[in-house]
>>> print(open('my_file17.txt').read())   # compact mmCIF, C-alpha atoms
# COMPACT_ATOMS: atom_id res chain seq x y z
CA MET C 1 194.78 57.58 154.85
CA ALA C 2 197.08 60.47 154.13
CA LEU C 3 196.04 60.64 150.49
CA PRO C 4 192.51 61.90 149.97
CA LEU C 5 192.31 60.31 146.52
CA PRO C 6 191.36 56.64 146.27
CA PRO C 7 193.72 54.36 144.33
CA GLY C 8 193.19 54.18 140.61
CA LEU C 9 192.19 56.80 138.10
CA THR C 10 189.17 59.07 138.33
CA PRO C 11 186.81 59.31 135.35
CA PRO C 12 188.23 62.65 134.09
CA GLU C 13 191.73 61.14 134.16
CA VAL C 14 190.61 58.12 132.17
CA ALA C 15 188.91 60.41 129.68
CA PHE C 16 192.11 62.44 129.40
CA LEU C 17 194.15 59.33 128.62
CA CYS C 18 191.57 58.29 126.08
CA GLU C 19 192.18 61.46 124.07
CA MET C 20 195.37 59.85 122.79
CA GLU C 21 193.25 57.40 120.77
CA LEU C 22 193.53 57.86 117.04
CA VAL C 23 190.42 58.76 115.08
CA THR C 24 189.79 59.37 111.40
CA VAL C 25 188.83 62.87 110.29
CA VAL C 26 187.76 64.43 107.02
CA PRO C 27 189.38 67.87 106.97
CA ARG C 28 187.68 70.90 105.52
CA GLN C 29 190.82 73.03 105.42
CA ARG C 30 194.41 72.43 104.51
CA LEU C 31 196.85 72.11 107.36
CA GLU C 32 200.58 71.33 107.25
CA GLY C 33 201.82 68.46 109.39
CA LEU C 34 202.44 69.53 112.99
CA GLU C 35 205.69 68.62 114.73
CA LEU C 36 204.52 67.17 118.04
CA LEU C 37 206.32 65.20 120.71
CA GLY C 38 204.46 62.07 119.65
CA GLY C 39 205.57 62.49 116.03
CA THR C 40 204.44 64.52 113.06
CA THR C 41 200.73 64.58 112.31
CA PRO C 42 199.80 63.87 108.71
CA GLU C 43 199.25 66.80 106.40
CA LEU C 44 195.54 67.60 106.05
CA ARG C 45 194.32 68.02 102.50
CA PRO C 46 190.57 68.02 101.91
CA PRO C 47 188.86 65.81 100.99
CA TYR C 48 191.36 63.09 101.91
CA ARG C 49 190.88 61.31 105.21
CA ALA C 50 193.59 61.55 107.85
CA VAL C 51 194.20 59.84 111.17
CA LEU C 52 194.69 62.22 114.10
CA PRO C 53 194.73 61.89 117.88
CA LEU C 54 191.31 62.49 119.41
CA TRP C 55 192.25 65.70 121.20
CA LEU C 56 193.42 67.34 117.98
CA ALA C 57 190.39 66.07 116.10
CA LEU C 58 188.11 67.54 118.79
CA LEU C 59 189.91 70.88 118.54
CA LEU C 60 189.52 71.00 114.78
CA LYS C 61 185.92 69.87 115.06
CA ARG C 62 185.09 72.70 117.49
CA GLN C 63 186.64 75.18 115.07
CA ARG C 64 184.65 73.58 112.23
CA ARG C 65 187.82 72.74 110.38
CA ALA C 66 187.18 69.02 110.19
CA ASN C 67 184.52 66.35 110.53
CA ILE C 68 185.12 63.23 112.59
CA LEU C 69 184.35 59.87 111.02
CA PRO C 70 182.86 57.77 113.81
CA PRO C 71 184.45 54.34 114.32
CA PRO C 72 182.37 51.49 112.83
CA TRP C 73 181.40 50.11 116.23
CA LEU C 74 179.63 53.38 117.05
CA HIS C 75 176.98 52.82 114.38
CA PRO C 76 173.53 51.96 115.71
CA SER C 77 173.46 48.63 113.89
CA SER C 78 176.80 47.43 115.29
CA LEU C 79 175.94 48.64 118.78
CA ASP C 80 172.70 46.73 118.49
CA THR C 81 174.60 43.59 117.46
CA ILE C 82 177.00 43.97 120.38
CA LEU C 83 174.11 44.52 122.76
CA ARG C 84 172.54 41.31 121.51
CA LEU C 85 175.88 39.54 121.98
CA GLU C 86 176.01 40.80 125.54
CA THR C 87 172.48 39.78 126.45
CA GLU C 88 172.01 36.56 124.51
CA VAL C 89 175.34 34.90 123.67
CA HIS C 90 177.72 35.92 126.45
CA LYS C 91 175.24 36.02 129.31
CA GLU C 92 177.81 35.72 132.07
CA THR C 93 180.92 37.26 130.52
CA PHE C 94 181.56 40.45 128.63
CA SER C 95 181.61 40.51 124.85
CA PRO C 96 185.14 39.83 123.66
CA PRO C 97 187.46 42.77 122.87
CA PRO C 98 188.55 43.41 119.27
CA LEU C 99 191.16 41.05 117.87
CA PHE C 100 194.69 42.26 117.49
CA PRO C 101 195.66 43.33 113.99
CA PRO C 102 197.86 40.76 112.26
CA SER C 103 201.36 40.93 113.66
CA ASN C 104 204.38 41.92 111.58
CA ASN C 105 206.62 39.90 113.87
CA ASN C 106 207.85 43.11 115.33
CA LEU C 107 208.84 42.58 118.94
CA HIS C 108 208.64 46.26 119.76
CA GLU C 109 205.15 46.64 118.49
CA THR C 110 202.78 48.17 121.03
CA ARG C 111 199.84 46.01 121.84
CA SER C 112 197.61 48.06 124.08
CA ALA C 113 195.28 51.03 123.96
CA PRO C 114 195.69 53.79 122.87
CA PHE C 115 198.24 52.62 120.33
CA LEU C 116 195.91 50.23 118.55
CA PRO C 117 193.82 51.69 115.75
CA SER C 118 190.62 50.76 117.57
CA CYS C 119 188.68 53.96 117.05
CA THR C 120 189.62 54.86 113.47
CA ALA C 121 187.33 54.34 110.52
CA ASP C 122 188.78 50.88 109.85
CA ALA C 123 188.36 49.46 113.35
CA ALA C 124 186.42 46.26 113.88
CA ALA C 125 182.67 46.79 113.86
CA ASP C 126 181.62 43.94 116.11
CA ALA C 127 183.66 44.52 119.26
CA LEU C 128 184.00 47.24 121.86
CA PRO C 129 187.56 48.56 122.24
CA TYR C 130 189.16 49.48 125.57
CA HIS C 131 188.05 53.11 125.49
CA TRP C 132 184.58 52.53 124.04
CA LEU C 133 182.63 54.32 126.73
CA GLU C 134 184.85 57.40 126.79
CA VAL C 135 185.20 57.77 123.02
CA GLY C 136 181.48 57.18 122.59
CA GLU C 137 180.50 59.78 125.18
CA ILE C 138 183.01 62.34 123.93
CA LEU C 139 181.91 61.97 120.32
CA LEU C 140 178.23 62.07 121.30
CA ASP C 141 178.98 65.29 123.09
CA ALA C 142 181.33 67.03 120.67
CA ALA C 143 180.28 65.72 117.28
CA PRO C 144 176.69 64.46 117.36
CA ASP C 145 176.15 65.74 113.82
CA ASP C 146 178.86 63.37 112.51
CA LEU C 147 177.21 60.28 114.01
CA VAL C 148 174.47 58.21 112.45
CA GLU C 149 171.28 58.60 114.50
CA PRO C 150 172.92 60.08 117.62
CA ASP C 151 169.85 59.55 119.78
CA THR C 152 169.71 55.83 119.03
CA VAL C 153 173.45 55.63 119.63
CA ARG C 154 173.04 57.37 122.97
CA ARG C 155 170.26 55.00 124.02
CA LEU C 156 172.22 51.92 122.97
CA MET C 157 175.32 53.14 124.81
CA ARG C 158 173.21 53.60 127.95
CA ASP C 159 171.79 50.09 127.58
CA LEU C 160 175.22 48.56 127.02
CA ARG C 161 176.61 50.30 130.07
CA GLU C 162 173.74 49.11 132.25
CA VAL C 163 174.06 45.52 131.05
CA ARG C 164 177.80 45.44 131.61
CA MET C 165 177.68 47.10 135.03
CA ALA C 166 175.07 44.57 136.12
CA LYS C 167 177.40 41.76 135.02
CA MET C 168 180.27 43.28 136.94
CA ARG C 169 178.14 43.40 140.09
CA ALA C 170 176.89 39.87 139.58
CA GLY C 171 180.52 38.75 139.32
CA VAL C 172 180.91 39.47 143.04
CA ALA C 173 178.73 36.48 143.91
CA VAL C 174 181.32 34.06 142.51
CA LEU C 175 184.24 35.84 144.16
CA ASP C 176 186.22 34.10 146.81
CA GLY C 177 189.24 34.99 148.87
CA GLY C 178 191.53 33.81 146.10
CA ALA C 179 189.32 33.68 143.02
CA VAL C 180 188.82 36.50 140.54
CA VAL C 181 186.08 37.67 138.23
CA GLY C 182 186.69 37.35 134.50
CA LEU C 183 187.12 40.94 133.41
CA LYS C 184 188.22 40.31 129.83
CA GLY C 185 186.81 42.93 127.52
CA VAL C 186 186.05 45.47 130.24
CA GLY C 187 186.77 49.06 129.26
CA GLY C 188 188.96 51.59 131.03
CA MET C 189 186.09 53.69 132.33
CA GLU C 190 184.29 50.62 133.63
CA VAL C 191 187.41 49.55 135.51
CA SER C 192 187.63 52.98 137.05
CA GLU C 193 184.00 52.76 138.15
CA GLY C 194 184.12 49.24 139.53
CA ARG C 195 187.57 49.23 141.07
CA ALA C 196 186.69 50.57 144.51
CA PHE C 197 183.84 48.14 145.02
CA ILE C 198 185.49 44.99 143.69
CA SER C 199 188.77 45.52 145.49
CA GLY C 200 186.86 46.30 148.67
CA VAL C 201 184.95 43.04 148.46
CA ILE C 202 188.06 40.99 147.74
CA ASP C 203 189.92 42.64 150.58
CA ASN C 204 187.18 41.92 153.10
CA LEU C 205 186.74 38.34 151.95
CA ARG C 206 190.45 37.82 152.29
CA LYS C 207 190.36 39.13 155.85
CA ILE C 208 187.47 36.85 156.79
CA GLY C 209 189.22 33.86 155.26
CA ALA C 210 192.60 34.75 156.77
CA SER C 211 192.32 32.33 159.69
CA ARG C 212 191.44 29.44 157.40
CA GLU C 213 194.34 30.34 155.13
CA GLN C 214 196.61 30.44 158.16
CA SER C 215 195.56 27.01 159.38
CA ARG C 216 195.88 25.58 155.87
CA ARG C 217 199.45 26.84 155.69
CA GLU C 218 200.24 25.44 159.10
CA ARG C 219 198.81 22.07 158.10
CA GLU C 220 200.85 22.05 154.93
CA ALA C 221 204.01 22.95 156.80
CA GLU C 222 203.28 20.15 159.25
CA GLU C 223 202.70 17.64 156.49
CA ARG C 224 205.92 18.65 154.88
CA GLU C 225 207.78 18.08 158.13
CA ASN C 226 206.13 14.72 158.62
CA GLY C 227 207.64 13.39 155.45
CA TYR C 228 204.98 14.15 152.83
CA ASP C 229 207.63 16.35 151.40
CA ASP C 230 208.52 17.66 148.01
CA ALA C 231 208.62 14.23 146.38
CA ASP C 232 204.84 14.09 146.65
CA GLU C 233 204.35 17.53 145.22
CA ASP C 234 206.58 16.77 142.28
CA GLU C 235 204.45 13.78 141.45
CA ASP C 236 201.35 15.93 141.50
CA MET C 237 202.99 18.42 139.21
CA GLY C 238 203.90 15.63 136.83
CA LEU C 239 200.30 14.52 136.58
CA MET U 240 195.85 44.03 160.77
CA GLY U 241 195.57 47.74 160.13
CA SER U 242 197.89 50.41 161.41
CA TYR U 243 198.44 51.52 165.00
CA TYR U 244 196.17 54.51 164.56
CA ASP U 245 193.44 52.65 162.68
CA ILE U 246 190.33 53.82 164.52
CA ASP U 247 188.29 50.86 163.32
CA SER U 248 190.65 48.31 164.77
CA ILE U 249 190.79 50.22 168.06
CA LEU U 250 186.99 50.21 168.22
CA THR U 251 186.92 46.53 167.34
CA ASP U 252 189.28 45.78 170.19
CA SER U 253 187.08 47.64 172.63
CA GLN U 254 184.02 45.49 171.93
CA LYS U 255 183.00 43.35 174.88
CA VAL U 256 183.26 39.58 174.82
CA PRO U 257 181.92 37.22 177.46
CA CYS U 258 184.50 35.43 179.63
CA THR U 259 184.57 33.24 182.71
CA PHE U 260 187.03 33.77 185.55
CA GLU U 261 188.97 30.62 186.38
CA LEU U 262 190.25 31.86 189.74
CA SER U 263 189.13 34.24 192.44
CA VAL U 264 190.69 37.69 192.27
CA PRO U 265 190.56 39.90 195.39
CA GLY U 266 189.15 43.38 194.88
CA LEU U 267 188.02 42.92 191.28
CA GLY U 268 184.34 42.55 192.17
CA TYR U 269 183.42 45.92 190.67
CA LEU U 270 183.70 44.35 187.22
CA SER U 271 180.57 42.30 187.91
CA GLY U 272 178.74 45.03 189.81
CA ASN U 273 179.91 43.91 193.26
CA ALA U 274 181.93 46.96 194.24
CA GLY U 275 184.60 46.41 196.85
CA GLY U 276 184.11 42.64 196.89
CA ASP U 277 186.17 39.86 195.35
CA MET U 278 185.79 38.33 191.89
CA LYS U 279 184.65 34.74 192.58
CA GLN U 280 185.91 31.83 190.58
CA GLY U 281 183.48 30.90 187.82
CA THR U 282 181.89 34.34 187.52
CA ARG U 283 180.89 35.29 184.01
CA CYS U 284 181.40 38.89 182.94
CA GLU U 285 182.03 40.94 179.83
CA LEU U 286 185.50 42.31 179.15
CA PRO U 287 186.83 44.32 176.21
CA LEU U 288 188.41 42.14 173.58
CA TRP U 289 191.95 43.49 173.99
CA LEU U 290 191.98 42.73 177.72
CA ALA U 291 190.19 39.42 177.48
CA GLU U 292 192.48 38.22 174.73
CA MET U 293 195.57 39.07 176.73
CA LEU U 294 194.31 37.38 179.90
CA ALA U 295 193.04 34.30 178.11
CA VAL U 296 195.99 33.63 175.84
CA SER U 297 199.07 35.03 177.46
CA LEU U 298 199.64 32.66 180.38
CA GLY U 299 199.15 29.38 178.54
CA ASN U 300 197.30 26.70 180.52
CA SER U 301 197.05 28.64 183.76
CA ALA U 302 195.14 31.52 182.17
CA PRO U 303 193.03 33.46 184.66
CA ILE U 304 189.97 33.59 182.38
CA THR U 305 188.49 31.62 179.51
CA LEU U 306 186.94 33.28 176.49
CA ASP U 307 183.55 32.47 175.03
CA ILE U 308 182.20 33.22 171.58
CA PRO U 309 180.41 36.60 171.76
CA ASP U 310 176.65 36.79 171.27
CA ALA U 311 177.14 38.49 167.91
CA LEU U 312 178.59 35.24 166.57
CA SER U 313 176.30 32.87 168.46
CA GLN U 314 174.53 30.00 166.77
CA ARG U 315 171.32 32.01 166.71
CA VAL U 316 172.88 34.77 164.60
CA LEU U 317 174.68 32.28 162.38
CA ASN U 318 171.43 30.46 161.68
CA ALA U 319 169.72 33.72 160.84
CA LEU U 320 172.59 34.62 158.47
CA LYS U 321 172.36 31.21 156.83
CA ALA U 322 168.63 31.53 156.35
CA SER U 323 168.57 35.05 154.97
CA PRO U 324 171.79 37.08 154.97
CA ARG U 325 170.09 40.25 153.78
CA SER U 326 167.58 40.62 156.56
CA VAL U 327 169.92 40.43 159.56
CA ASP U 328 170.71 43.68 161.33
CA LEU U 329 174.47 43.22 161.73
CA ARG U 330 174.94 46.66 163.17
CA GLY U 331 172.67 45.72 166.03
CA GLN U 332 174.83 42.67 166.74
CA ALA U 333 178.12 44.55 166.69
CA PRO U 334 179.09 47.80 164.93
CA HIS U 335 182.27 46.13 163.65
CA PHE U 336 180.72 42.75 163.01
CA TYR U 337 183.11 41.37 160.36
CA ARG U 338 186.20 42.72 162.06
CA LEU U 339 185.08 41.21 165.35
CA GLY U 340 184.49 37.96 163.48
CA THR U 341 188.00 38.04 162.06
CA ARG U 342 189.53 38.67 165.47
CA ILE U 343 187.50 35.86 167.05
CA LEU U 344 188.49 33.52 164.24
CA ASP U 345 192.13 34.21 165.05
CA LEU U 346 191.43 32.84 168.52
CA PHE U 347 188.94 30.05 167.81
CA GLU U 348 189.18 27.89 164.75
CA ASP U 349 185.68 27.47 163.47
CA GLU U 350 185.10 26.44 159.88
CA GLU U 351 181.39 27.07 160.14
CA ILE U 352 181.80 30.71 161.10
CA VAL U 353 184.23 31.29 158.23
CA ASP U 354 181.76 29.77 155.77
CA VAL U 355 178.76 31.67 157.06
CA LEU U 356 180.59 35.00 157.20
CA THR U 357 182.03 34.58 153.69
CA GLU U 358 178.69 33.61 152.20
CA SER U 359 176.74 36.37 153.89
CA PHE U 360 179.36 38.99 153.05
CA LYS U 361 179.09 38.09 149.37
CA LYS U 362 175.30 38.14 149.35
CA ARG U 363 175.16 41.40 151.22
CA ALA U 364 177.88 42.99 149.06
CA ALA U 365 175.75 42.42 145.97
CA GLU U 366 172.84 44.13 147.72
CA ILE U 367 175.08 46.99 148.81
CA ALA U 368 176.29 47.50 145.25
CA ASP U 369 172.71 47.70 144.02
CA HIS U 370 171.95 50.43 146.51
CA ALA U 371 175.22 52.27 145.97
CA TYR U 372 174.87 52.51 142.19
CA ASN U 373 171.27 53.59 142.44
CA PRO U 374 171.22 57.36 142.96
CA ARG U 375 168.18 57.13 145.26
CA GLY U 376 169.37 53.95 146.92
CA ALA U 377 170.13 55.30 150.36
CA LEU U 378 166.78 57.04 150.67
CA GLY U 379 164.23 54.73 149.10
CA GLU U 380 163.32 51.19 150.04
CA GLY U 381 166.94 50.34 150.92
CA ALA U 382 166.99 52.49 154.03
CA ASP U 383 166.16 49.61 156.37
CA PHE U 384 168.87 47.38 154.98
CA LEU U 385 171.46 50.14 155.01
CA GLN U 386 170.71 50.88 158.67
CA GLY U 387 171.80 47.36 159.46
CA ILE U 388 175.14 47.14 157.68
CA ASP U 389 178.31 47.06 159.73
CA GLU U 390 181.33 49.37 159.48
CA SER U 391 183.29 47.47 156.82
CA GLU U 392 180.15 47.22 154.72
CA ARG U 393 179.64 50.95 155.13
CA GLU U 394 183.16 51.49 153.90
CA LEU U 395 182.29 49.40 150.85
CA PHE U 396 179.08 51.31 150.28
CA ARG U 397 180.93 54.60 150.50
CA ALA U 398 183.58 53.46 148.01
CA ALA U 399 181.05 52.15 145.50
CA HIS U 400 178.83 55.17 145.91
CA SER U 401 181.60 57.71 145.41
CA SER U 402 182.90 56.01 142.27
CA ALA U 403 179.38 55.92 140.85
CA LYS U 404 179.04 59.57 141.77
CA ALA U 405 182.35 60.51 140.12
CA MET U 406 181.15 58.74 136.99
CA ARG U 407 177.82 60.58 136.96
CA GLU U 408 179.63 63.87 137.51
CA TRP U 409 181.90 63.24 134.56
CA MET U 410 178.99 62.36 132.30
CA GLY U 411 177.07 65.40 133.52
CA GLU U 412 180.01 67.68 132.83
CA MET U 413 180.24 66.34 129.31
CA LYS U 414 176.68 67.42 128.70
CA LYS U 415 177.14 70.89 130.15
CA LYS U 416 180.02 71.82 127.88
>>> encode(input="my_file17.txt", output="structure tokens")
Amino acid sequence: MALPLPPGLTPPEVAFLCEMELVTVVPRQRLEGLELLGGTTPELRPPYRAVLPLWLALLLKRQRRANILPPPWLHPSSLDTILRLETEVHKETFSPPPLFPPSNNNLHETRSAPFLPSCTADAAADALPYHWLEVGEILLDAAPDDLVEPDTVRRLMRDLREVRMAKMRAGVAVLDGGAVVGLKGVGGMEVSEGRAFISGVIDNLRKIGASREQSRREREAEERENGYDDADEDEDMGL
Amino acid sequence: MGSYYDIDSILTDSQKVPCTFELSVPGLGYLSGNAGGDMKQGTRCELPLWLAEMLAVSLGNSAPITLDIPDALSQRVLNALKASPRSVDLRGQAPHFYRLGTRILDLFEDEEIVDVLTESFKKRAAEIADHAYNPRGALGEGADFLQGIDESERELFRAAHSSAKAMREWMGEMKKK
């Protein structure tokens, strides 16, 4: 009540976080490696490709010092494939997220966005990464001339978003006080958009079901006192 | 159940529920429109929930009044909700319909009410989401339905609508740059 902001991140905040994603660029000018807090950026030597964080790539792109290579999943043909996956194969659930790159058995390896190379030129072509919506929109906006058929891409992104939002809304019908919707493969921006509604529904359903939950607990406590105690439960666990 | 200053729970507590007096009380006649007279045993009248709850529950078996299920949760409304959750005007039944339901369910155990409320909340939530994500939702054909949603559903509508709006704003800003 005291905080005017709702819980969770707003779309501009999600987009800001997404600018840490790594993308592949083709530089047009030489640039020494920059010493940044996150490490040194690779030296840019045209025409060799380099992997840079999105924010730096956007900066260079605006100054016409580099071209951004769009990630493979942002091609019209792969978007079309994913859209078909969403509408025909996975009718209820979301299309699966990209697979993890093969592990080097390194325990300290980071396993989440934005530290996965999910938006570089060698990302998987058939799956939407965590920041697909943000990266797609930002690239459509800042570098349409680097994309293949930007208008088709824009249309397909719109379609994908509509299809996935509709699924998220339909998921509410199967919700219950304790149950959850399968949200595997949902992107960061979509979470930010759906959070308020889904958590509101769950909260209200929980309140309505509170009295039933209460009586169930009381009944269980009673049963436990009456001798159907832990021995029984252990048996169940064993089965 | 909400904080002390939660206006919605205060308003829920002030909703009237029907009760029956189990004993005659001198001088309370004004509650049933009989000013100056006594409250007769067996009179039915409407009291705010906070008062009725206290009188009905506090004194154990010798409680001065007994509570009844309010009209908003009567069998007639439940049947209507079962038949078609989307077409019932919940706001007309009680402005805080679901909260009132929760409070009543604390007092009466009724599996049927829990089931009906849960089912209709889910069905109506889907409808609310459709209207909230549609930029013209509140004005177009949804106006009738949205007139009839109760306070907690309004809250939900507001939340869904503002996140959809924030999203549209962000996308719009991207284009302007």
>>> interface_residues(input="my_file17.txt", of="chain C", to="chain U", cutoff="10 Å", atoms="all atoms listed in the file", output="NGL selection string")
:C and (1 or 6 or 10-12 or 15 or 134 or 137-138 or 140-142 or 165-166 or 169-177 or 189-190 or 192-202 or 204-212 or 214-215)
>>> atom_distance(input="my_file17.txt", atom1="atom CA of Pro27 of chain C", atom2="atom CA of Val153 of chain C")
23.7 Å
>>> residues_around(input="my_file17.txt", residues="Gln29 of chain C", least_positions_apart="5", cutoff="12 Å", atoms="all atoms listed in the file", output="list in words")
Glu43, Leu44, Arg45, Pro46, Pro47, Tyr48, Arg49, Leu60, Lys61, Gln63, Arg64, Arg65, Ala66 and Asn67 of chain C
>>> atom_distance(input="my_file17.txt", atom1="atom CA of Tyr269 of chain U", atom2="atom CA of Pro334 of chain U")
26.2 Å
>>> closest_residue(input="my_file17.txt", among="C:Pro53, C:Leu133, C:Pro71, C:Cys18", to="Asp159 of chain C", atoms="all atoms listed in the file")
C:Leu133
>>> residues_around(input="my_file17.txt", residues="His131 of chain C", least_positions_apart="6", cutoff="12 Å", atoms="all atoms listed in the file", output="PDB file with C-alpha atoms, keeping the file's coordinate frame")
ATOM      1  CA  PRO C  11     186.810  59.310 135.350  1.00  0.00           C
ATOM      2  CA  VAL C  14     190.610  58.120 132.170  1.00  0.00           C
ATOM      3  CA  ALA C  15     188.910  60.410 129.680  1.00  0.00           C
ATOM      4  CA  PHE C  16     192.110  62.440 129.400  1.00  0.00           C
ATOM      5  CA  LEU C  17     194.150  59.330 128.620  1.00  0.00           C
ATOM      6  CA  CYS C  18     191.570  58.290 126.080  1.00  0.00           C
ATOM      7  CA  GLU C  19     192.180  61.460 124.070  1.00  0.00           C
ATOM      8  CA  MET C  20     195.370  59.850 122.790  1.00  0.00           C
ATOM      9  CA  GLU C  21     193.250  57.400 120.770  1.00  0.00           C
ATOM     10  CA  LEU C  22     193.530  57.860 117.040  1.00  0.00           C
ATOM     11  CA  LEU C  54     191.310  62.490 119.410  1.00  0.00           C
ATOM     12  CA  PRO C  71     184.450  54.340 114.320  1.00  0.00           C
ATOM     13  CA  TRP C  73     181.400  50.110 116.230  1.00  0.00           C
ATOM     14  CA  LEU C  74     179.630  53.380 117.050  1.00  0.00           C
ATOM     15  CA  PRO C  97     187.460  42.770 122.870  1.00  0.00           C
ATOM     16  CA  PRO C  98     188.550  43.410 119.270  1.00  0.00           C
ATOM     17  CA  SER C 112     197.610  48.060 124.080  1.00  0.00           C
ATOM     18  CA  ALA C 113     195.280  51.030 123.960  1.00  0.00           C
ATOM     19  CA  PRO C 114     195.690  53.790 122.870  1.00  0.00           C
ATOM     20  CA  PHE C 115     198.240  52.620 120.330  1.00  0.00           C
ATOM     21  CA  LEU C 116     195.910  50.230 118.550  1.00  0.00           C
ATOM     22  CA  PRO C 117     193.820  51.690 115.750  1.00  0.00           C
ATOM     23  CA  SER C 118     190.620  50.760 117.570  1.00  0.00           C
ATOM     24  CA  CYS C 119     188.680  53.960 117.050  1.00  0.00           C
ATOM     25  CA  GLU C 137     180.500  59.780 125.180  1.00  0.00           C
ATOM     26  CA  ILE C 138     183.010  62.340 123.930  1.00  0.00           C
ATOM     27  CA  LEU C 139     181.910  61.970 120.320  1.00  0.00           C
ATOM     28  CA  GLY C 185     186.810  42.930 127.520  1.00  0.00           C
ATOM     29  CA  VAL C 186     186.050  45.470 130.240  1.00  0.00           C
ATOM     30  CA  GLY C 187     186.770  49.060 129.260  1.00  0.00           C
ATOM     31  CA  GLY C 188     188.960  51.590 131.030  1.00  0.00           C
ATOM     32  CA  MET C 189     186.090  53.690 132.330  1.00  0.00           C
ATOM     33  CA  GLU C 190     184.290  50.620 133.630  1.00  0.00           C
ATOM     34  CA  VAL C 191     187.410  49.550 135.510  1.00  0.00           C
ATOM     35  CA  SER C 192     187.630  52.980 137.050  1.00  0.00           C
TER      36      SER C 192
END
>>> decode(input="my_file17.txt", residues="segment 200-223 of chain C", atoms="C-alpha atoms", output="PDB file, in the first residue's frame")
ATOM      1  CA  GLY C 200      -4.149 -11.881  -8.349  1.00  0.00           C
ATOM      2  CA  VAL C 201      -6.181 -14.884  -9.448  1.00  0.00           C
ATOM      3  CA  ILE C 202      -4.180 -17.317  -7.330  1.00  0.00           C
ATOM      4  CA  ASP C 203      -4.451 -15.048  -4.315  1.00  0.00           C
ATOM      5  CA  ASN C 204      -8.215 -14.743  -4.589  1.00  0.00           C
ATOM      6  CA  LEU C 205      -8.713 -18.459  -5.169  1.00  0.00           C
ATOM      7  CA  ARG C 206      -6.618 -19.162  -2.123  1.00  0.00           C
ATOM      8  CA  LYS C 207      -8.774 -16.842  -0.032  1.00  0.00           C
ATOM      9  CA  ILE C 208     -11.983 -18.483  -1.239  1.00  0.00           C
ATOM     10  CA  GLY C 209     -10.590 -21.929  -0.528  1.00  0.00           C
ATOM     11  CA  ALA C 210      -9.144 -20.922   2.844  1.00  0.00           C
ATOM     12  CA  SER C 211     -12.022 -22.323   4.893  1.00  0.00           C
ATOM     13  CA  ARG C 212     -11.826 -25.678   3.145  1.00  0.00           C
ATOM     14  CA  GLU C 213      -8.075 -25.755   3.670  1.00  0.00           C
ATOM     15  CA  GLN C 214      -8.634 -24.947   7.334  1.00  0.00           C
ATOM     16  CA  SER C 215     -11.131 -27.747   7.841  1.00  0.00           C
ATOM     17  CA  ARG C 216      -8.890 -30.190   5.971  1.00  0.00           C
ATOM     18  CA  ARG C 217      -6.034 -29.346   8.318  1.00  0.00           C
ATOM     19  CA  GLU C 218      -8.253 -29.730  11.344  1.00  0.00           C
ATOM     20  CA  ARG C 219      -9.453 -33.103  10.096  1.00  0.00           C
ATOM     21  CA  GLU C 220      -5.908 -34.253   9.527  1.00  0.00           C
ATOM     22  CA  ALA C 221      -4.841 -33.109  12.971  1.00  0.00           C
ATOM     23  CA  GLU C 222      -7.804 -34.970  14.431  1.00  0.00           C
ATOM     24  CA  GLU C 223      -6.984 -38.132  12.547  1.00  0.00           C
TER      25      GLU C 223
END
